[in-house]
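For reference, work29.pdb (PDB, C-alpha atoms):
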ATOM      1  CA  LEU A   1      -2.593   1.802-105.402
ATOM      2  CA  LEU A   2       0.605  -0.033-104.508
ATOM      3  CA  MET A   3       2.643   2.709-106.145
ATOM      4  CA  LYS A   4       0.991   5.281-103.844
ATOM      5  CA  LEU A   5       1.788   3.087-100.817
ATOM      6  CA  ALA A   6       5.398   2.379-101.789
ATOM      7  CA  SER A   7       6.872   4.758 -99.170
ATOM      8  CA  PHE A   8       3.908   4.876 -96.769
ATOM      9  CA  ARG A   9       3.736   3.321 -93.303
ATOM     10  CA  PHE A  10       0.477   2.229 -91.754
ATOM     11  CA  PRO A  11       0.058   4.154 -88.457
ATOM     12  CA  ILE A  12      -1.963   1.408 -86.788
ATOM     13  CA  LEU A  13       0.825  -1.141 -87.320
ATOM     14  CA  ASP A  14       3.526   1.136 -85.904
ATOM     15  CA  PHE A  15       1.233   1.973 -82.990
ATOM     16  CA  SER A  16       0.406  -1.691 -82.289
ATOM     17  CA  ARG A  17       4.074  -2.672 -82.439
ATOM     18  CA  GLY A  18       4.940   0.228 -80.139
ATOM     19  CA  ILE A  19       2.363  -0.909 -77.574
ATOM     20  CA  MET A  20       3.849  -4.417 -77.635
ATOM     21  CA  ILE A  21       7.336  -2.962 -77.133
ATOM     22  CA  LEU A  22       6.108  -0.878 -74.173
ATOM     23  CA  ILE A  23       4.511  -3.941 -72.555
ATOM     24  CA  MET A  24       7.740  -5.873 -73.110
ATOM     25  CA  ILE A  25       9.826  -3.139 -71.424
ATOM     26  CA  ILE A  26       7.493  -3.138 -68.405
ATOM     27  CA  TYR A  27       7.561  -6.937 -68.156
ATOM     28  CA  HIS A  28      11.341  -7.224 -68.455
ATOM     29  CA  GLY A  29      11.804  -4.349 -66.022
ATOM     30  CA  TRP A  30       9.647  -6.161 -63.460
ATOM     31  CA  TYR A  31      11.493  -9.415 -64.196
ATOM     32  CA  LEU A  32      14.895  -7.820 -63.519
ATOM     33  CA  LEU A  33      13.704  -6.100 -60.353
ATOM     34  CA  SER A  34      12.140  -9.295 -59.006
ATOM     35  CA  ASN A  35      14.329 -12.165 -60.232
ATOM     36  CA  VAL A  36      17.732 -10.457 -60.428
ATOM     37  CA  PHE A  37      17.731  -7.549 -57.946
ATOM     38  CA  ASN A  38      15.095  -8.965 -55.538
ATOM     39  CA  VAL A  39      13.337  -5.610 -55.173
ATOM     40  CA  LEU A  40       9.824  -6.608 -56.249
ATOM     41  CA  PRO A  41       7.834  -9.822 -55.679
ATOM     42  CA  ALA A  42       9.116 -12.590 -57.936
ATOM     43  CA  LEU A  43       7.289 -13.436 -61.139
ATOM     44  CA  GLU A  44       6.160 -17.034 -60.881
ATOM     45  CA  ASN A  45       6.981 -19.138 -63.934
ATOM     46  CA  GLY A  46       3.619 -20.894 -63.879
ATOM     47  CA  VAL A  47       1.103 -21.741 -66.563
ATOM     48  CA  ILE A  48      -0.631 -18.335 -66.337
ATOM     49  CA  ASN A  49       2.642 -16.457 -66.742
ATOM     50  CA  GLN A  50       3.570 -18.702 -69.682
ATOM     51  CA  LEU A  51       0.215 -18.014 -71.320
ATOM     52  CA  LEU A  52       0.528 -14.245 -70.857
ATOM     53  CA  THR A  53       4.058 -14.094 -72.256
ATOM     54  CA  GLY A  54       3.016 -16.507 -75.013
ATOM     55  CA  ILE A  55       0.077 -14.305 -76.026
ATOM     56  CA  TRP A  56       2.304 -11.226 -76.030
ATOM     57  CA  GLY A  57       4.896 -13.053 -78.132
ATOM     58  CA  ALA A  58       2.278 -14.289 -80.593
ATOM     59  CA  ILE A  59       0.845 -10.785 -81.079
ATOM     60  CA  PHE A  60       4.316  -9.287 -81.520
ATOM     61  CA  VAL A  61       5.329 -11.963 -84.047
ATOM     62  CA  PHE A  62       2.043 -11.602 -85.950
ATOM     63  CA  ILE A  63       2.420  -7.815 -86.244
ATOM     64  CA  ALA A  64       6.063  -8.143 -87.303
ATOM     65  CA  TRP A  65       5.356 -10.568 -90.131
ATOM     66  CA  PHE A  66       2.084  -8.922 -91.104
ATOM     67  CA  SER A  67       4.130  -5.745 -91.588
ATOM     68  CA  ALA A  68       6.902  -7.640 -93.394
ATOM     69  CA  ALA A  69       4.460  -9.020 -95.948
ATOM     70  CA  ILE A  70       3.062  -5.542 -96.578
ATOM     71  CA  THR A  71       6.536  -4.052 -96.942
ATOM     72  CA  HIS A  72       7.642  -6.719 -99.409
ATOM     73  CA  ASN A  73       4.511  -6.399-101.525
ATOM     74  CA  LYS A  74       4.644  -2.583-101.544
ATOM     75  CA  ARG A  75       8.061  -2.721-103.188
ATOM     76  CA  VAL A  76       6.555  -3.002-106.632
ATOM     77  CA  GLU A  77       9.888  -2.229-108.285
ATOM     78  CA  ILE A  78      11.162  -5.576-106.971
ATOM     79  CA  LYS A  79       9.874  -8.657-108.726
ATOM     80  CA  TRP A  80      10.571 -11.370-106.196
ATOM     81  CA  THR A  81      11.702 -14.736-107.471
ATOM     82  CA  LYS A  82      12.247 -17.828-105.367
ATOM     83  CA  GLU A  83      15.992 -17.245-105.552
ATOM     84  CA  SER A  84      15.944 -13.531-104.722
ATOM     85  CA  PHE A  85      13.529 -14.008-101.822
ATOM     86  CA  ALA A  86      15.616 -16.900-100.475
ATOM     87  CA  ARG A  87      18.757 -14.711-100.605
ATOM     88  CA  TYR A  88      16.908 -11.908 -98.811
ATOM     89  CA  CYS A  89      15.748 -14.306 -96.073
ATOM     90  CA  LEU A  90      19.240 -15.800 -95.717
ATOM     91  CA  LYS A  91      20.748 -12.332 -95.284
ATOM     92  CA  ARG A  92      18.200 -11.354 -92.631
ATOM     93  CA  ALA A  93      18.673 -14.696 -90.861
ATOM     94  CA  ALA A  94      22.455 -14.218 -90.740
ATOM     95  CA  ILE A  95      22.169 -10.702 -89.254
ATOM     96  CA  LEU A  96      19.662 -11.787 -86.626
ATOM     97  CA  MET A  97      21.634 -14.912 -85.721
ATOM     98  CA  ILE A  98      24.770 -12.833 -85.085
ATOM     99  CA  ILE A  99      22.799 -10.565 -82.730
ATOM    100  CA  ALA A 100      21.048 -13.511 -81.065
ATOM    101  CA  GLY A 101      24.329 -15.376 -80.660
ATOM    102  CA  ALA A 102      25.848 -12.332 -78.976
ATOM    103  CA  ILE A 103      22.913 -12.232 -76.536
ATOM    104  CA  THR A 104      23.402 -15.914 -75.680
ATOM    105  CA  PHE A 105      27.140 -15.397 -75.179
ATOM    106  CA  LEU A 106      26.747 -12.289 -73.003
ATOM    107  CA  THR A 107      24.030 -13.736 -70.772
ATOM    108  CA  GLY A 108      26.005 -16.955 -70.382
ATOM    109  CA  LYS A 109      29.178 -15.083 -69.450
ATOM    110  CA  PHE A 110      27.816 -12.366 -67.157
ATOM    111  CA  GLU A 111      24.481 -13.799 -65.898
ATOM    112  CA  PRO A 112      24.625 -17.610 -66.191
ATOM    113  CA  ASP A 113      21.464 -17.930 -64.119
ATOM    114  CA  GLN A 114      19.653 -15.850 -66.744
ATOM    115  CA  LEU A 115      21.074 -17.614 -69.808
ATOM    116  CA  ILE A 116      19.005 -17.015 -72.960
ATOM    117  CA  LEU A 117      19.310 -19.949 -75.356
ATOM    118  CA  PHE A 118      16.463 -19.280 -77.786
ATOM    119  CA  TRP A 119      15.275 -15.683 -77.678
ATOM    120  CA  ILE A 120      12.709 -14.203 -80.042
ATOM    121  CA  LEU A 121      15.571 -13.059 -82.325
ATOM    122  CA  HIS A 122      16.846 -16.648 -82.495
ATOM    123  CA  PHE A 123      13.313 -17.573 -83.497
ATOM    124  CA  PHE A 124      13.125 -14.882 -86.186
ATOM    125  CA  ALA A 125      16.472 -16.031 -87.608
ATOM    126  CA  MET A 126      15.289 -19.648 -87.841
ATOM    127  CA  ALA A 127      11.960 -18.520 -89.286
ATOM    128  CA  PHE A 128      13.701 -16.560 -92.045
ATOM    129  CA  LEU A 129      15.663 -19.692 -92.964
ATOM    130  CA  ILE A 130      12.572 -21.850 -93.500
ATOM    131  CA  LEU A 131      10.052 -19.215 -94.647
ATOM    132  CA  PRO A 132      10.983 -19.523 -98.371
ATOM    133  CA  LEU A 133       9.806 -23.146 -98.230
ATOM    134  CA  PHE A 134       6.285 -21.983 -97.361
ATOM    135  CA  VAL A 135       5.838 -18.804 -99.399
ATOM    136  CA  SER A 136       4.954 -20.704-102.570
ATOM    137  CA  LEU A 137       2.061 -22.408-100.751
ATOM    138  CA  GLY A 138       0.058 -19.164-100.895
ATOM    139  CA  ARG A 139      -3.358 -19.494 -99.297
ATOM    140  CA  TRP A 140      -2.559 -23.022 -98.129
ATOM    141  CA  ASN A 141      -0.445 -21.342 -95.437
ATOM    142  CA  TRP A 142      -3.662 -20.559 -93.567
ATOM    143  CA  LEU A 143      -4.311 -24.300 -93.251
ATOM    144  CA  VAL A 144      -0.656 -25.111 -92.506
ATOM    145  CA  GLY A 145      -0.649 -22.433 -89.809
ATOM    146  CA  PHE A 146      -3.661 -23.899 -88.036
ATOM    147  CA  LEU A 147      -2.196 -27.419 -88.275
ATOM    148  CA  VAL A 148       1.031 -26.174 -86.675
ATOM    149  CA  ALA A 149      -1.068 -24.589 -83.917
ATOM    150  CA  LEU A 150      -2.743 -27.952 -83.262
ATOM    151  CA  VAL A 151       0.649 -29.646 -83.047
ATOM    152  CA  TRP A 152       1.705 -27.029 -80.476
ATOM    153  CA  ILE A 153      -1.138 -28.044 -78.175
ATOM    154  CA  PHE A 154       0.585 -31.423 -77.842
ATOM    155  CA  PHE A 155       3.924 -29.826 -76.913
ATOM    156  CA  PHE A 156       2.635 -27.175 -74.478
ATOM    157  CA  SER A 157       4.067 -27.620 -70.956
ATOM    158  CA  ARG A 158       5.278 -31.156 -71.771
ATOM    159  CA  ILE A 159       8.735 -32.493 -70.929
ATOM    160  CA  PHE A 160      10.472 -34.989 -73.223
ATOM    161  CA  PRO A 161      13.551 -37.188 -72.630
ATOM    162  CA  VAL A 162      15.283 -35.586 -75.624
ATOM    163  CA  ASP A 163      18.009 -32.940 -75.552
ATOM    164  CA  TYR A 164      18.963 -30.387 -78.207
ATOM    165  CA  LEU A 165      15.536 -30.096 -79.870
ATOM    166  CA  TRP A 166      14.433 -27.124 -77.764
ATOM    167  CA  PHE A 167      14.443 -24.814 -80.808
ATOM    168  CA  PHE A 168      11.442 -26.860 -82.058
ATOM    169  CA  GLY A 169       9.695 -26.568 -78.688
ATOM    170  CA  VAL A 170      10.726 -30.050 -77.521
ATOM    171  CA  ARG A 171      12.121 -29.483 -74.024
ATOM    172  CA  SER A 172      13.905 -31.871 -71.707
ATOM    173  CA  ALA A 173      13.897 -31.639 -67.916
ATOM    174  CA  SER A 174      17.392 -30.097 -67.941
ATOM    175  CA  PHE A 175      16.534 -27.312 -70.397
ATOM    176  CA  THR A 176      16.435 -23.746 -69.065
ATOM    177  CA  SER A 177      16.257 -20.398 -70.843
ATOM    178  CA  ALA A 178      15.403 -17.033 -69.313
ATOM    179  CA  ASP A 179      13.507 -16.124 -72.482
ATOM    180  CA  TYR A 180      12.123 -18.781 -74.812
ATOM    181  CA  TYR A 181      10.330 -18.532 -78.168
ATOM    182  CA  PRO A 182      10.656 -21.859 -80.049
ATOM    183  CA  LEU A 183       9.497 -22.559 -83.614
ATOM    184  CA  PHE A 184       6.483 -24.333 -82.130
ATOM    185  CA  PRO A 185       4.079 -22.700 -81.543
ATOM    186  CA  TYR A 186       5.168 -19.374 -83.004
ATOM    187  CA  PHE A 187       5.866 -20.399 -86.582
ATOM    188  CA  TRP A 188       2.139 -20.751 -87.226
ATOM    189  CA  VAL A 189       1.766 -17.068 -86.256
ATOM    190  CA  ILE A 190       4.367 -16.161 -88.900
ATOM    191  CA  LEU A 191       2.426 -18.007 -91.592
ATOM    192  CA  LEU A 192      -0.856 -16.326 -90.642
ATOM    193  CA  GLY A 193       0.776 -12.912 -90.327
ATOM    194  CA  PHE A 194       2.545 -13.192 -93.670
ATOM    195  CA  GLU A 195      -0.614 -14.223 -95.490
ATOM    196  CA  GLY A 196      -2.673 -11.637 -93.589
ATOM    197  CA  GLY A 197      -0.412  -8.814 -94.760
ATOM    198  CA  LYS A 198      -0.767  -9.887 -98.387
ATOM    199  CA  TRP A 199      -4.522 -10.163 -97.932
ATOM    200  CA  LEU A 200      -4.783  -6.588 -96.616
ATOM    201  CA  LEU A 201      -3.197  -5.102 -99.740
ATOM    202  CA  LYS A 202      -5.900  -6.709-101.875
ATOM    203  CA  HIS A 203      -8.728  -4.868-100.068
ATOM    204  CA  GLU A 204      -8.944  -1.105-100.417
ATOM    205  CA  LYS A 205     -11.291  -0.656 -97.447
ATOM    206  CA  MET A 206      -8.797  -2.391 -95.175
ATOM    207  CA  ILE A 207      -6.013  -0.182 -96.538
ATOM    208  CA  GLN A 208      -8.091   2.904 -95.713
ATOM    209  CA  LEU A 209      -8.778   1.577 -92.209
ATOM    210  CA  PHE A 210      -5.116   0.869 -91.504
ATOM    211  CA  SER A 211      -4.107   4.253 -92.954
ATOM    212  CA  ARG A 212      -6.059   6.312 -90.418
ATOM    213  CA  GLU A 213      -4.022   8.609 -88.196
ATOM    214  CA  ILE A 214      -3.987   7.943 -84.449
ATOM    215  CA  PRO A 215      -3.996  11.149 -82.320
ATOM    216  CA  TRP A 216      -1.249  11.657 -79.728
ATOM    217  CA  SER A 217       0.595   8.540 -80.820
ATOM    218  CA  LEU A 218       3.904   9.852 -82.193
ATOM    219  CA  LEU A 219       6.049   8.483 -79.338
ATOM    220  CA  ILE A 220       4.434   5.033 -79.375
ATOM    221  CA  ARG A 221       4.650   4.894 -83.177
ATOM    222  CA  TRP A 222       8.325   5.894 -83.025
ATOM    223  CA  MET A 223       8.929   3.014 -80.614
ATOM    224  CA  GLY A 224       7.175   0.731 -83.074
ATOM    225  CA  ARG A 225       9.398   1.875 -85.935
ATOM    226  CA  GLN A 226      12.525   1.322 -83.803
ATOM    227  CA  SER A 227      11.349  -1.985 -82.350
ATOM    228  CA  LEU A 228      14.440  -4.037 -83.233
ATOM    229  CA  VAL A 229      16.883  -1.519 -81.728
ATOM    230  CA  ILE A 230      14.760  -1.129 -78.598
ATOM    231  CA  TYR A 231      14.367  -4.894 -78.303
ATOM    232  CA  ILE A 232      18.127  -5.380 -78.379
ATOM    233  CA  LEU A 233      19.079  -2.518 -76.068
ATOM    234  CA  HIS A 234      16.300  -2.240 -73.496
ATOM    235  CA  VAL A 235      17.394  -5.123 -71.203
ATOM    236  CA  PRO A 236      21.070  -4.043 -70.837
ATOM    237  CA  VAL A 237      19.949  -0.420 -70.375
ATOM    238  CA  LEU A 238      17.416  -1.418 -67.691
ATOM    239  CA  TYR A 239      19.995  -3.688 -66.038
ATOM    240  CA  TRP A 240      22.543  -0.844 -65.929
ATOM    241  CA  ILE A 241      19.992   1.610 -64.453
ATOM    242  CA  PHE A 242      18.801  -0.871 -61.814
ATOM    243  CA  TRP A 243      22.395  -1.829 -60.965
ATOM    244  CA  ILE A 244      23.171   1.828 -60.204
ATOM    245  CA  PHE A 245      20.200   2.169 -57.875
ATOM    246  CA  PHE A 246      19.932  -1.240 -56.224
ATOM    247  CA  GLN A 247      23.340  -2.964 -56.334
TER     248      GLN A 247
END

Here is a file; write its structure as C-alpha cells.
Amino acid sequence: LLMKLASFRFPILDFSRGIMILIMIIYHGWYLLSNVFNVLPALENGVINQLLTGIWGAIFVFIAWFSAAITHNKRVEIKWTKESFARYCLKRAAILMIIAGAITFLTGKFEPDQLILFWILHFFAMAFLILPLFVSLGRWNWLVGFLVALVWIFFFSRIFPVDYLWFFGVRSASFTSADYYPLFPYFWVILLGFEGGKWLLKHEKMIQLFSREIPWSLLIRWMGRQSLVIYILHVPVLYWIFWIFFQ
C-alpha cells in the first residue's frame, strides 16, 4: 500500500492547508490595513484575538506536521536511522532559520514597529532541531504532547521578569513581536501531528477517506501545495499593493 502511495498527495490535506493559508492572507491583509496603513478599524491584541490566532496557528502546525509524517513514511525507499533523520532535520532547520532570520532583519530595518522576533518559521526551525529527540518515543509522544499542552496553560498570557526566553513562550514585559509562535504551546501540536500522520498510514479506511477528491478545489489545493512560498511572500506583496493605493 505504501508503494502505491509513494508519489500520491492526499487532497484533503492540501485543501485544508490551502484554507489555512487563505485565512492567514485575509488576517494579515486586515492587520496591515488597520495597524500599518490605518484604513480599517484596528485589530485589538486582546485575549480573544490571541485565542483566534492561536487556534489558527495550531491547526496550521498540526496539518504541516501531520503531512510531514505521512511524506516521510511514504518514502519506503528510505530507511530512516537516527543519524539520517537528524541530518534531515538539521538541514531543514538551517534553511528555515536563514529565511526566518531574513524576516527578522527586514522587519527590524524597514518596519521597527512591526518587528517579528519569533515567527512561525522560527518556530518550525527550532522544532526541527529538537524533533529527533522525540521521534524515538513513538506512541509516548501522545502523552508528552498533552503534558506540554498542560504546561502551556501556565504560561498563557503571563508575564515573567526574565528576558531572552521568549522562544520558549516565557515573555517579559518588554518583549514585543508582531507575529509570535513560541515552542510553548505549539510544540505539543507538532508531536500530535507527527504521530497522527503515522497512525493514518496504518489504517486503510482512513487512507481511503483522505484520498477522496474534493470538487472545485484545485486553486485552494494549489495554495496548500505552495504554502511555504506563499507564507514567505504574501506579506511583502500585500504591503507593496497597499502602499501603492494608500500611501

>> Rounded to one decimal, what separation in Å do you get between atom CA of A:Gly224 and atom CA of A:Gly145?
In response: 25.4 Å

Would you be able to write out as an mmCIF file with C-alpha atoms, in the coordinates of the input which residues have an atom within 12 Å of (-1.5, 9.8, -81.2) in the file's coordinates, counting all atoms listed in the file?
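out13.cif, freshly written:
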data_model
loop_
_atom_site.group_PDB
_atom_site.id
_atom_site.type_symbol
_atom_site.label_atom_id
_atom_site.label_comp_id
_atom_site.auth_asym_id
_atom_site.auth_seq_id
_atom_site.Cartn_x
_atom_site.Cartn_y
_atom_site.Cartn_z
ATOM 1 C CA PRO A 11 0.058 4.154 -88.457
ATOM 2 C CA ILE A 12 -1.963 1.408 -86.788
ATOM 3 C CA ASP A 14 3.526 1.136 -85.904
ATOM 4 C CA PHE A 15 1.233 1.973 -82.990
ATOM 5 C CA SER A 16 0.406 -1.691 -82.289
ATOM 6 C CA GLY A 18 4.940 0.228 -80.139
ATOM 7 C CA ILE A 19 2.363 -0.909 -77.574
ATOM 8 C CA ARG A 212 -6.059 6.312 -90.418
ATOM 9 C CA GLU A 213 -4.022 8.609 -88.196
ATOM 10 C CA ILE A 214 -3.987 7.943 -84.449
ATOM 11 C CA PRO A 215 -3.996 11.149 -82.320
ATOM 12 C CA TRP A 216 -1.249 11.657 -79.728
ATOM 13 C CA SER A 217 0.595 8.540 -80.820
ATOM 14 C CA LEU A 218 3.904 9.852 -82.193
ATOM 15 C CA LEU A 219 6.049 8.483 -79.338
ATOM 16 C CA ILE A 220 4.434 5.033 -79.375
ATOM 17 C CA ARG A 221 4.650 4.894 -83.177
ATOM 18 C CA TRP A 222 8.325 5.894 -83.025
#

Can you spell out as a PDB file with C-alpha atoms, in the coordinates of the input the set of residues that the PyMOL selection byres ((chain A and resi 117) around 7) selects in the structure I just provided?
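Full text of out.pdb as output:
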ATOM      1  CA  THR A 104      23.402 -15.914 -75.680  1.00  0.00           C
ATOM      2  CA  LEU A 115      21.074 -17.614 -69.808  1.00  0.00           C
ATOM      3  CA  ILE A 116      19.005 -17.015 -72.960  1.00  0.00           C
ATOM      4  CA  PHE A 118      16.463 -19.280 -77.786  1.00  0.00           C
ATOM      5  CA  TRP A 119      15.275 -15.683 -77.678  1.00  0.00           C
ATOM      6  CA  SER A 177      16.257 -20.398 -70.843  1.00  0.00           C
TER       7      SER A 177
END

>> Suppose a student applies the PyMOL selection byres ((chain A and resi 141-144) around 9) to this structure; what residues should they get, written as a PyMOL selection string?
In response: chain A and resi 134-140+145-149+188+191-192+194-196

Test item: axis-aligned box, all listed atoms of stretch 190-198 of chain A, 6 Å on each side, centre and edges in Å rounded to one decimal, as lines of an AutoDock Vina configuration file:
center_x = 0.8
center_y = -13.4
center_z = -93.6
size_x = 19.0
size_y = 21.2
size_z = 21.5

Which residues would end up in the selection if the PyMOL selection byres ((chain A and resi 210) around 8) were applied here, given that I need the answer as a short mmCIF file (atom, residue, chain, number, x, y, z; two decimals) with C-alpha atoms, keeping the file's coordinate frame?
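Contents of part.cif, as written:
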data_model
loop_
_atom_site.label_atom_id
_atom_site.label_comp_id
_atom_site.auth_asym_id
_atom_site.auth_seq_id
_atom_site.Cartn_x
_atom_site.Cartn_y
_atom_site.Cartn_z
CA PHE A 10 0.48 2.23 -91.75
CA PRO A 11 0.06 4.15 -88.46
CA ILE A 12 -1.96 1.41 -86.79
CA LEU A 13 0.82 -1.14 -87.32
CA MET A 206 -8.80 -2.39 -95.18
CA ILE A 207 -6.01 -0.18 -96.54
CA GLN A 208 -8.09 2.90 -95.71
CA LEU A 209 -8.78 1.58 -92.21
CA SER A 211 -4.11 4.25 -92.95
CA ARG A 212 -6.06 6.31 -90.42
#

>> One number please: atom CA of A:Gly101 to atom CA of A:His122, in Å, one decimal.
In response: 7.8 Å

> Which residues, written as a VMD selection string, have at least one atom at most 12 Å from A:Phe175, with only C-alpha atoms counted and residues fewer than 3 positions away on the same chain left out?
Replying inline: chain A and resid 115 to 118 158 to 167 169 to 172 178 to 180

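When atom CA of A:Ala58 is paired with atom CA of A:Ala100, their separation reads 18.8 Å.
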
> Between A:Leu200, A:Met126, A:Leu40, A:Leu131, which one has atoms that come closest to A:Leu183, using only C-alpha atoms?
Replying inline: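 Comparing A:Leu200, A:Met126, A:Leu40, A:Leu131 against A:Leu183, the winner is A:Met126.
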
> Is there a way to get, as JSON, numbers by chain, all residues within 12 Å of the point (14.5, -7.7, -59.4) in file coordinates, counting only C-alpha atoms?
Replying inline: {"A": [27, 28, 29, 30, 31, 32, 33, 34, 35, 36, 37, 38, 39, 40, 41, 42, 43, 238, 239, 241, 242, 243, 245, 246, 247]}

Writing out the chosen residues with C-alpha atoms as a PDB file, in the frame of the given file:
ATOM      1  CA  TYR A  27       7.561  -6.937 -68.156  1.00  0.00           C
ATOM      2  CA  HIS A  28      11.341  -7.224 -68.455  1.00  0.00           C
ATOM      3  CA  GLY A  29      11.804  -4.349 -66.022  1.00  0.00           C
ATOM      4  CA  TRP A  30       9.647  -6.161 -63.460  1.00  0.00           C
ATOM      5  CA  TYR A  31      11.493  -9.415 -64.196  1.00  0.00           C
ATOM      6  CA  LEU A  32      14.895  -7.820 -63.519  1.00  0.00           C
ATOM      7  CA  LEU A  33      13.704  -6.100 -60.353  1.00  0.00           C
ATOM      8  CA  SER A  34      12.140  -9.295 -59.006  1.00  0.00           C
ATOM      9  CA  ASN A  35      14.329 -12.165 -60.232  1.00  0.00           C
ATOM     10  CA  VAL A  36      17.732 -10.457 -60.428  1.00  0.00           C
ATOM     11  CA  PHE A  37      17.731  -7.549 -57.946  1.00  0.00           C
ATOM     12  CA  ASN A  38      15.095  -8.965 -55.538  1.00  0.00           C
ATOM     13  CA  VAL A  39      13.337  -5.610 -55.173  1.00  0.00           C
ATOM     14  CA  LEU A  40       9.824  -6.608 -56.249  1.00  0.00           C
ATOM     15  CA  PRO A  41       7.834  -9.822 -55.679  1.00  0.00           C
ATOM     16  CA  ALA A  42       9.116 -12.590 -57.936  1.00  0.00           C
ATOM     17  CA  LEU A  43       7.289 -13.436 -61.139  1.00  0.00           C
ATOM     18  CA  LEU A 238      17.416  -1.418 -67.691  1.00  0.00           C
ATOM     19  CA  TYR A 239      19.995  -3.688 -66.038  1.00  0.00           C
ATOM     20  CA  ILE A 241      19.992   1.610 -64.453  1.00  0.00           C
ATOM     21  CA  PHE A 242      18.801  -0.871 -61.814  1.00  0.00           C
ATOM     22  CA  TRP A 243      22.395  -1.829 -60.965  1.00  0.00           C
ATOM     23  CA  PHE A 245      20.200   2.169 -57.875  1.00  0.00           C
ATOM     24  CA  PHE A 246      19.932  -1.240 -56.224  1.00  0.00           C
ATOM     25  CA  GLN A 247      23.340  -2.964 -56.334  1.00  0.00           C
TER      26      GLN A 247
END
